[in-house]
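> First the structure, which I've put down as structure tokens, then a few questions once you've had a look.
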Amino acid sequence: MEQRILGKTGRNVSVVGLGTWQLGADWGNVDQAEAQAILAASVESGVTFFDTADVYGDGRSEQAIGKFLADNPGLEITVATKMGRRVDQQPENYTLANFRQWVDRSRRNLGTDTLDLVQLHCPPTPVYSSAEVYDALDTLVSEGAIRNYGVSVERTDEALEAIRHGGTASVQIILNAFRLKPLDEVLPAAKAANVGVIARVPLASGLLSGKYTKETTFAENDHRNYNRNGAAFDVGETFAGVDFELGLKAVAEFEQLIPAGATSAQAAIAWITAQDGVTTVIPGARNADQARANAAAAAVDITEEFDAGVLWIYDHYFREAIHPRW
């Protein structure tokens, strides 16, 4: 699989990585044997980048990755975790003392002395412009607790603010065929500043897999059930913030673009990797076969016609409500 340098980390990572929110059982249950099988299948398919967070299953996702790495020593895997959602979302909670506690917990969960990459996990907007926050992160680097730091954001202005800070190695942002706003400013700014871009929610919470219908239901503990209106966290994390039924109509158009031999999900993932400035995309997987299929998206060729079709769908269904051109 193609490898790209993840911004200022200097580390090579696969263009298709693995998002591991689901390993924390926040999308319905995933047992530990299945979690290990998903991680193994991903690595066997060329994946060298795992993304997790300390709140995914209250550490369960990190622990699954830690066990996998302990059982498979010598693998050149970059693990990015996230921190900051374990406390009330107030800027004053983003302190060096709290950072040390959170980082120490993640190091224990992952079984490592030094974390490869730690990302602030969609904190309150003022945090992105706080000099004290970046000083604290720099301190953790100097102390050897983390190698690099980045941010995970909900909004493009937050990404642009973080990119302006010299120590920011990466930005993680929602980017998919139904959410194109990062293309306008974030990707060019990140590329110019040598900041890696990690694209999350690539399938719009499964909409772009082409497997859902109006009759599809989700488990009570699945965010695609309880967070459709942003009741629990930012609505952009669920179906990329688009209305479910409108999204189904757009998916029908998207499926007309899919190259021969590819699935809807693979085409959606491949389209993201083809965007200039994207380093890696992190689809999740509920089983080993899905992990292999996602990784295979790296080999799907995206044509100019396909790209134009994605832009047409966005303009037709979503742009006016999300970010009009004028």
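Identifiers in this document derive from the order of the structure tokens: chains are assigned A, B, ..., residues are numbered from 1 separately in each chain, and ligands are numbered from 1 in order of occurrence.
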Neighbours of A:Ala291 within 7 Å (only C-alpha atoms; same-chain residues fewer than 6 positions away dropped), as a PyMOL selection string?

chain A and resi 38+41-42+285

> Determine, counting only C-alpha atoms, which protein, DNA and RNA residues have an atom within 6 Å of an atom of stretch 60-76 of chain A; residues of the same chain fewer than 4 positions away are not included. Present the result as a count of residues only.

6

> Counting only C-alpha atoms, what is within 7 Å of A:Gln119, bar same-chain residues fewer than 2 positions away, as an MDAnalysis selection string?

chainID A and resid 81:83 117 121 149:152

> Find the residues near A:Lys214: any atom within 12 Å, counting only C-alpha atoms, skip ones fewer than 2 places away on the same chain, and give them as a list of chain:residue names.

A:Leu207, A:Gly210, A:Lys211, A:Tyr212, A:Thr216, A:Thr217, A:Phe218, A:Asp243, A:Phe244, A:Glu245, A:Leu246, A:Gly247, A:Leu248, A:Lys249

> With only C-alpha atoms as the atoms that count, which of A:Thr213, A:Asn148, A:Gln290, A:Thr125 lies nearest to A:Gly166?

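Result for the nearest residue to A:Gly166: A:Asn148.
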
> When you look at A:His165 with a cut-off of 12 Å (counting only C-alpha atoms), what residues show up, excluding the ones that are within fewer than 6 positions of it in the same chain? I need them as a VMD selection string.

chain A and resid 8 128 to 135 137 to 138 149 to 151 158 to 159 171 189 to 190 193 to 195

> Where in stretch 114-171 of chain A does DSSP assign alpha helix (DSSP H), given as a count of residues only?

20
